[in-house]
Amino acid sequence: MKLKTKERLAFGIEQAFMLAGAIASIWFASRIGYQEAIKFTRYQEVRRVRDLLRSMDHELAINERAVRRGLEDWTSDEFRGLHVVSRSFRRGKEGDDLFFLNYDTVRVMSDAYGELFQKALNQIREQGGGPIFRPNAVILTYQLDLLEDARPKLQDDIGRVEQEMHKLGGRDVSKPKQWPPDPVPEPDAEESAALKLPASTIWGRGAGARYAGLLQDFAWVHLAVAARPRGPVLISFRLNLSAESMPVRVWLCFRRKSPIDLTQILHAKIDEEELRAIFTGEEDANSFVMSYPLDAASVRPAGRDSVEVSGDIVDPNRLAGWRWLYVLLEDAAGQRHVVRGVTTWKIGPDDPWKFSAKVPDGALVLPVGYAAGPVRYSAPSPKDLVEAGRNHLANGRFRDAVYAFGAALKLDPKIAEAWKLLGDAQMGTEEPVAALASYTKAVDLGLDSAETFLARGEAHYVVARSKAWSRKESDPAYQKAVEDFTRALEKDGKMARAWFLRGMARAGMEDWTRAVSDVKRAVDLDAARAEEYATRVRWFERFQEDAALAQEAREKGPKLDQQEKELFDQSMAAYNAKEWATAIRGFKILFYLNQFNPTGRSSAYNLACCYALSGEKDRALDWMEIMVDHGYSDWDHMKKDTDFDALRSDPRYKRLMTGK
């Protein structure tokens, strides 16, 4: 009995284990099947997206080819069938499938199918015949660049998606559609003749160290239009210059791609920084420069004080890939002038800018194969750029100086003196905030000279002064200016300008006693500007007299426009009644509340009138000078105003009216 019980128990346990194993096997098998099902579903999803991306690539290739054909002959059937908006791309956006793409890929493709492209193509189709509108040709060339940029990015993303498919274990034997290379078109008679022209001699490459890659004059600016994808082309140039600016050299700047800002092309402007980057070699992978000396045959008189420079440049290269260019003329002084009205393409048989086999005598011919590869420049050294910046700064070309010092610091950011000079140039271009950062960088690098602190203090002062025009309270930048001027004077106590500007900054803080003391010290140290400084002393003494009234005006004076108007009317009534003390008090309250706006200027004018009529000539002249300093400029009214008759013979009045 006991044995049977044990056997039954063992059998039960064995059955339980077998059942558990069966259940576990069933669960495990179902689990694997579920995972495989999920994996297969994911694979199908990724494959669907891959096929969509391939479709996008296919349409990009079609459109790229169509645009290229259009630039050669805009009547071509391929161009007429161009897809302006990619159907696959639009479907991917609507179906939210573009999350597989990189952001840059989506951006470039969106630009490639942009609104500007649509408008240009519509205009071309509406023309129905005749030459293509020139800006549309520029747009087409720009869009071709975008299409060419989009395809490699899209193909990289397709590769990533296919790697994901491989990880999921699926096999996909389908192959993308292969596009054969475009056949090279045979040259026509005109092009064949141009290909046989001998190249002009003495073509040089690179900007040269002499000019440090800097363009000095942008009075005449124009962007040349695009050369078509296949050569040759004829480039015609013309420019009027002053007789003193005799041209000695022509420069050609080539780029692989069109400029990013298409609006500058359509408005005949130029990207100054881009052109400078070409000359300094910063874009050596995408651009290069060639130059050629000009002779007298290219120049003819064009009026009493000007000359006209014109010429033609034949580019016989085929499929060079350098579609965009700038043409500049350099005069004997080293100024470079960007040429206007350059034409460089042929589109269709009736295009007015078509290539002509009748090349003018004396045309410059580019050497065949010049665009075999980009040219590496011997870029100017930081020392060369700093020296060029000094020359620009000395001649008042502040914008060019900013570029030169910026280029030097890009190469070597630890040149303390260059940071200081950059600040000087930025002050010249009226960028005091940027100048402050440059001066601070110079100080941090160890340039703690008196001149540096003086310059930084002046930048602080200009910033504070500019804010005063929109604020009634003193700006903290005044205190920073005082600190810098003090550090400058600790190093050189005889800097008259530091004493003067510290006094001006203290005046901004309404520290009148020390402001007067500082400016008087400047009067003693600088005889040449003593009168100018003494004038400020007189003003500050007037403001010092009114310090209590100015404080009262801010604390208890009118707060609303209506209240100010009532005070103005009361003061004018006192003026008409010759109650000078009442009128003067009212106008002073208005002045100290509104120093840097029209109300303040008119109040200063009325104060000058009150003092002149009451017989206080010195105070009247002081307030006349103050009102002019604060922006009053109606000189004709001042000359006619009889309130100032008693002042006409005073030397200070005459100087004021003469120096307007």
# chains A, B, ... in the order shown; residues from 1 in each chain; ligands from 1
$ residues_around --residues "Asp524 (chain A)" --least-positions-apart "6" --cutoff "10 Å" --atoms "only C-alpha atoms" --output "JSON, numbers by chain"
{"A": [494, 496, 530, 533, 534]}
$ write_last_selection --atoms "N, CA and C atoms" --output "PDB file, in the first residue's frame"
ATOM      1  N   LYS A 494      48.795 112.852 -17.599  1.00  0.00           N
ATOM      2  CA  LYS A 494      48.758 114.031 -18.462  1.00  0.00           C
ATOM      3  C   LYS A 494      47.884 113.830 -19.700  1.00  0.00           C
ATOM      4  N   ALA A 496      44.958 114.590 -21.400  1.00  0.00           N
ATOM      5  CA  ALA A 496      43.888 115.578 -21.280  1.00  0.00           C
ATOM      6  C   ALA A 496      42.530 114.969 -21.634  1.00  0.00           C
ATOM      7  N   ALA A 530      41.222 124.057 -25.269  1.00  0.00           N
ATOM      8  CA  ALA A 530      40.875 124.681 -23.988  1.00  0.00           C
ATOM      9  C   ALA A 530      39.511 125.349 -24.038  1.00  0.00           C
ATOM     10  N   TYR A 533      36.719 122.743 -23.932  1.00  0.00           N
ATOM     11  CA  TYR A 533      36.568 122.191 -22.592  1.00  0.00           C
ATOM     12  C   TYR A 533      35.990 123.219 -21.623  1.00  0.00           C
ATOM     13  N   ALA A 534      36.406 124.481 -21.765  1.00  0.00           N
ATOM     14  CA  ALA A 534      35.910 125.528 -20.863  1.00  0.00           C
ATOM     15  C   ALA A 534      34.405 125.712 -21.013  1.00  0.00           C
TER      16      ALA A 534
END
$ select_by_dssp --residues "region 515-560 of chain A" --states "alpha helix (DSSP H)" --output "PDB file with N, CA, C and O atoms, in the first residue's frame"
ATOM      1  N   ALA A 515      33.002 116.573 -11.752  1.00  0.00           N
ATOM      2  CA  ALA A 515      32.985 116.761 -13.202  1.00  0.00           C
ATOM      3  C   ALA A 515      33.663 118.070 -13.573  1.00  0.00           C
ATOM      4  O   ALA A 515      34.498 118.129 -14.487  1.00  0.00           O
ATOM      5  N   VAL A 516      33.340 119.143 -12.850  1.00  0.00           N
ATOM      6  CA  VAL A 516      33.966 120.455 -13.111  1.00  0.00           C
ATOM      7  C   VAL A 516      35.460 120.389 -12.865  1.00  0.00           C
ATOM      8  O   VAL A 516      36.275 120.889 -13.650  1.00  0.00           O
ATOM      9  N   SER A 517      35.856 119.731 -11.780  1.00  0.00           N
ATOM     10  CA  SER A 517      37.280 119.622 -11.455  1.00  0.00           C
ATOM     11  C   SER A 517      38.051 118.889 -12.540  1.00  0.00           C
ATOM     12  O   SER A 517      39.136 119.320 -12.958  1.00  0.00           O
ATOM     13  N   ASP A 518      37.502 117.762 -13.046  1.00  0.00           N
ATOM     14  CA  ASP A 518      38.181 116.984 -14.088  1.00  0.00           C
ATOM     15  C   ASP A 518      38.325 117.777 -15.381  1.00  0.00           C
ATOM     16  O   ASP A 518      39.393 117.792 -16.012  1.00  0.00           O
ATOM     17  N   VAL A 519      37.251 118.436 -15.797  1.00  0.00           N
ATOM     18  CA  VAL A 519      37.302 119.153 -17.069  1.00  0.00           C
ATOM     19  C   VAL A 519      38.231 120.360 -16.961  1.00  0.00           C
ATOM     20  O   VAL A 519      38.933 120.695 -17.929  1.00  0.00           O
ATOM     21  N   LYS A 520      38.282 121.009 -15.825  1.00  0.00           N
ATOM     22  CA  LYS A 520      39.232 122.121 -15.647  1.00  0.00           C
ATOM     23  C   LYS A 520      40.669 121.625 -15.781  1.00  0.00           C
ATOM     24  O   LYS A 520      41.534 122.330 -16.319  1.00  0.00           O
ATOM     25  N   ARG A 521      40.944 120.397 -15.309  1.00  0.00           N
ATOM     26  CA  ARG A 521      42.286 119.835 -15.465  1.00  0.00           C
ATOM     27  C   ARG A 521      42.600 119.620 -16.944  1.00  0.00           C
ATOM     28  O   ARG A 521      43.731 119.847 -17.391  1.00  0.00           O
ATOM     29  N   ALA A 522      41.594 119.214 -17.715  1.00  0.00           N
ATOM     30  CA  ALA A 522      41.785 119.036 -19.156  1.00  0.00           C
ATOM     31  C   ALA A 522      42.064 120.369 -19.836  1.00  0.00           C
ATOM     32  O   ALA A 522      42.882 120.451 -20.764  1.00  0.00           O
ATOM     33  N   VAL A 523      41.422 121.433 -19.365  1.00  0.00           N
ATOM     34  CA  VAL A 523      41.674 122.772 -19.912  1.00  0.00           C
ATOM     35  C   VAL A 523      43.135 123.159 -19.727  1.00  0.00           C
ATOM     36  O   VAL A 523      43.789 123.691 -20.636  1.00  0.00           O
ATOM     37  N   ASP A 524      43.699 122.847 -18.563  1.00  0.00           N
ATOM     38  CA  ASP A 524      45.098 123.198 -18.273  1.00  0.00           C
ATOM     39  C   ASP A 524      46.076 122.391 -19.126  1.00  0.00           C
ATOM     40  O   ASP A 524      47.164 122.895 -19.454  1.00  0.00           O
ATOM     41  N   LEU A 525      45.696 121.158 -19.487  1.00  0.00           N
ATOM     42  CA  LEU A 525      46.634 120.269 -20.177  1.00  0.00           C
ATOM     43  C   LEU A 525      46.562 120.372 -21.703  1.00  0.00           C
ATOM     44  O   LEU A 525      47.506 119.965 -22.394  1.00  0.00           O
ATOM     45  N   ALA A 530      41.222 124.057 -25.269  1.00  0.00           N
ATOM     46  CA  ALA A 530      40.875 124.681 -23.988  1.00  0.00           C
ATOM     47  C   ALA A 530      39.511 125.349 -24.038  1.00  0.00           C
ATOM     48  O   ALA A 530      38.721 125.246 -23.085  1.00  0.00           O
ATOM     49  N   GLU A 531      39.204 126.033 -25.147  1.00  0.00           N
ATOM     50  CA  GLU A 531      37.930 126.734 -25.238  1.00  0.00           C
ATOM     51  C   GLU A 531      36.759 125.752 -25.249  1.00  0.00           C
ATOM     52  O   GLU A 531      35.735 125.972 -24.598  1.00  0.00           O
ATOM     53  N   GLU A 532      36.928 124.649 -25.994  1.00  0.00           N
ATOM     54  CA  GLU A 532      35.875 123.630 -26.031  1.00  0.00           C
ATOM     55  C   GLU A 532      35.628 123.064 -24.636  1.00  0.00           C
ATOM     56  O   GLU A 532      34.477 122.899 -24.211  1.00  0.00           O
ATOM     57  N   TYR A 533      36.719 122.743 -23.932  1.00  0.00           N
ATOM     58  CA  TYR A 533      36.568 122.191 -22.592  1.00  0.00           C
ATOM     59  C   TYR A 533      35.990 123.219 -21.623  1.00  0.00           C
ATOM     60  O   TYR A 533      35.168 122.889 -20.757  1.00  0.00           O
ATOM     61  N   ALA A 534      36.406 124.481 -21.765  1.00  0.00           N
ATOM     62  CA  ALA A 534      35.910 125.528 -20.863  1.00  0.00           C
ATOM     63  C   ALA A 534      34.405 125.712 -21.013  1.00  0.00           C
ATOM     64  O   ALA A 534      33.708 126.035 -20.040  1.00  0.00           O
ATOM     65  N   THR A 535      33.921 125.519 -22.224  1.00  0.00           N
ATOM     66  CA  THR A 535      32.470 125.611 -22.442  1.00  0.00           C
ATOM     67  C   THR A 535      31.738 124.586 -21.599  1.00  0.00           C
ATOM     68  O   THR A 535      30.710 124.888 -20.972  1.00  0.00           O
ATOM     69  N   ARG A 536      32.275 123.375 -21.549  1.00  0.00           N
ATOM     70  CA  ARG A 536      31.653 122.325 -20.730  1.00  0.00           C
ATOM     71  C   ARG A 536      31.677 122.689 -19.252  1.00  0.00           C
ATOM     72  O   ARG A 536      30.732 122.394 -18.512  1.00  0.00           O
ATOM     73  N   VAL A 537      32.759 123.330 -18.814  1.00  0.00           N
ATOM     74  CA  VAL A 537      32.844 123.745 -17.413  1.00  0.00           C
ATOM     75  C   VAL A 537      31.695 124.685 -17.083  1.00  0.00           C
ATOM     76  O   VAL A 537      31.029 124.555 -16.033  1.00  0.00           O
ATOM     77  N   ARG A 538      31.437 125.629 -17.975  1.00  0.00           N
ATOM     78  CA  ARG A 538      30.345 126.581 -17.728  1.00  0.00           C
ATOM     79  C   ARG A 538      29.003 125.861 -17.653  1.00  0.00           C
ATOM     80  O   ARG A 538      28.174 126.174 -16.787  1.00  0.00           O
ATOM     81  N   TRP A 539      28.782 124.905 -18.560  1.00  0.00           N
ATOM     82  CA  TRP A 539      27.511 124.172 -18.516  1.00  0.00           C
ATOM     83  C   TRP A 539      27.368 123.419 -17.209  1.00  0.00           C
ATOM     84  O   TRP A 539      26.304 123.439 -16.579  1.00  0.00           O
ATOM     85  N   PHE A 540      28.418 122.736 -16.809  1.00  0.00           N
ATOM     86  CA  PHE A 540      28.338 121.930 -15.592  1.00  0.00           C
ATOM     87  C   PHE A 540      28.086 122.815 -14.378  1.00  0.00           C
ATOM     88  O   PHE A 540      27.379 122.412 -13.436  1.00  0.00           O
ATOM     89  N   GLU A 541      28.659 124.002 -14.376  1.00  0.00           N
ATOM     90  CA  GLU A 541      28.417 124.926 -13.257  1.00  0.00           C
ATOM     91  C   GLU A 541      26.954 125.349 -13.227  1.00  0.00           C
ATOM     92  O   GLU A 541      26.378 125.521 -12.138  1.00  0.00           O
ATOM     93  N   ARG A 542      26.354 125.510 -14.404  1.00  0.00           N
ATOM     94  CA  ARG A 542      24.918 125.831 -14.437  1.00  0.00           C
ATOM     95  C   ARG A 542      24.100 124.666 -13.887  1.00  0.00           C
ATOM     96  O   ARG A 542      23.168 124.852 -13.096  1.00  0.00           O
ATOM     97  N   PHE A 543      24.447 123.446 -14.310  1.00  0.00           N
ATOM     98  CA  PHE A 543      23.712 122.281 -13.833  1.00  0.00           C
ATOM     99  C   PHE A 543      23.921 122.083 -12.335  1.00  0.00           C
ATOM    100  O   PHE A 543      23.016 121.634 -11.625  1.00  0.00           O
ATOM    101  N   GLN A 544      25.135 122.435 -11.857  1.00  0.00           N
ATOM    102  CA  GLN A 544      25.417 122.307 -10.424  1.00  0.00           C
ATOM    103  C   GLN A 544      24.548 123.273  -9.629  1.00  0.00           C
ATOM    104  O   GLN A 544      24.038 122.931  -8.555  1.00  0.00           O
ATOM    105  N   GLU A 545      24.353 124.468 -10.171  1.00  0.00           N
ATOM    106  CA  GLU A 545      23.483 125.446  -9.505  1.00  0.00           C
ATOM    107  C   GLU A 545      22.058 124.919  -9.369  1.00  0.00           C
ATOM    108  O   GLU A 545      21.361 125.222  -8.394  1.00  0.00           O
ATOM    109  N   ALA A 547      21.131 121.706  -9.180  1.00  0.00           N
ATOM    110  CA  ALA A 547      21.080 120.314  -8.748  1.00  0.00           C
ATOM    111  C   ALA A 547      19.856 120.040  -7.873  1.00  0.00           C
ATOM    112  O   ALA A 547      19.159 119.035  -8.043  1.00  0.00           O
ATOM    113  N   ALA A 548      19.583 120.931  -6.942  1.00  0.00           N
ATOM    114  CA  ALA A 548      18.438 120.731  -6.040  1.00  0.00           C
ATOM    115  C   ALA A 548      17.123 120.790  -6.817  1.00  0.00           C
ATOM    116  O   ALA A 548      16.203 119.993  -6.581  1.00  0.00           O
ATOM    117  N   LEU A 549      17.034 121.744  -7.777  1.00  0.00           N
ATOM    118  CA  LEU A 549      15.813 121.869  -8.568  1.00  0.00           C
ATOM    119  C   LEU A 549      15.615 120.637  -9.457  1.00  0.00           C
ATOM    120  O   LEU A 549      14.487 120.155  -9.618  1.00  0.00           O
ATOM    121  N   ALA A 550      16.706 120.117 -10.036  1.00  0.00           N
ATOM    122  CA  ALA A 550      16.605 118.921 -10.874  1.00  0.00           C
ATOM    123  C   ALA A 550      16.112 117.732 -10.063  1.00  0.00           C
ATOM    124  O   ALA A 550      15.275 116.940 -10.524  1.00  0.00           O
ATOM    125  N   GLN A 551      16.618 117.591  -8.822  1.00  0.00           N
ATOM    126  CA  GLN A 551      16.174 116.504  -7.959  1.00  0.00           C
ATOM    127  C   GLN A 551      14.701 116.666  -7.599  1.00  0.00           C
ATOM    128  O   GLN A 551      13.924 115.698  -7.613  1.00  0.00           O
ATOM    129  N   GLU A 552      14.295 117.894  -7.319  1.00  0.00           N
ATOM    130  CA  GLU A 552      12.893 118.170  -6.996  1.00  0.00           C
ATOM    131  C   GLU A 552      11.992 117.854  -8.193  1.00  0.00           C
ATOM    132  O   GLU A 552      10.892 117.313  -8.045  1.00  0.00           O
ATOM    133  N   ALA A 553      12.493 118.190  -9.410  1.00  0.00           N
ATOM    134  CA  ALA A 553      11.705 117.927 -10.617  1.00  0.00           C
ATOM    135  C   ALA A 553      11.453 116.436 -10.782  1.00  0.00           C
ATOM    136  O   ALA A 553      10.344 116.016 -11.128  1.00  0.00           O
ATOM    137  N   ARG A 554      12.479 115.628 -10.523  1.00  0.00           N
ATOM    138  CA  ARG A 554      12.311 114.187 -10.684  1.00  0.00           C
ATOM    139  C   ARG A 554      11.394 113.596  -9.623  1.00  0.00           C
ATOM    140  O   ARG A 554      10.668 112.639  -9.878  1.00  0.00           O
ATOM    141  N   GLU A 555      11.458 114.156  -8.405  1.00  0.00           N
ATOM    142  CA  GLU A 555      10.673 113.591  -7.307  1.00  0.00           C
ATOM    143  C   GLU A 555       9.243 114.125  -7.265  1.00  0.00           C
ATOM    144  O   GLU A 555       8.312 113.374  -6.985  1.00  0.00           O
ATOM    145  N   LYS A 556       9.065 115.427  -7.544  1.00  0.00           N
ATOM    146  CA  LYS A 556       7.756 116.045  -7.352  1.00  0.00           C
ATOM    147  C   LYS A 556       7.189 116.668  -8.622  1.00  0.00           C
ATOM    148  O   LYS A 556       6.088 117.217  -8.596  1.00  0.00           O
TER     149      LYS A 556
END
$ atom_distance --atom1 "CA of Asp492 (chain A)" --atom2 "CA of Glu417 (chain A)"
18.8 Å
$ atom_distance --atom1 "CA of Val46 (chain A)" --atom2 "CA of Val161 (chain A)"
6.9 Å
$ atom_distance --atom1 "CA of Phe237 (chain A)" --atom2 "CA of Val309 (chain A)"
7.9 Å
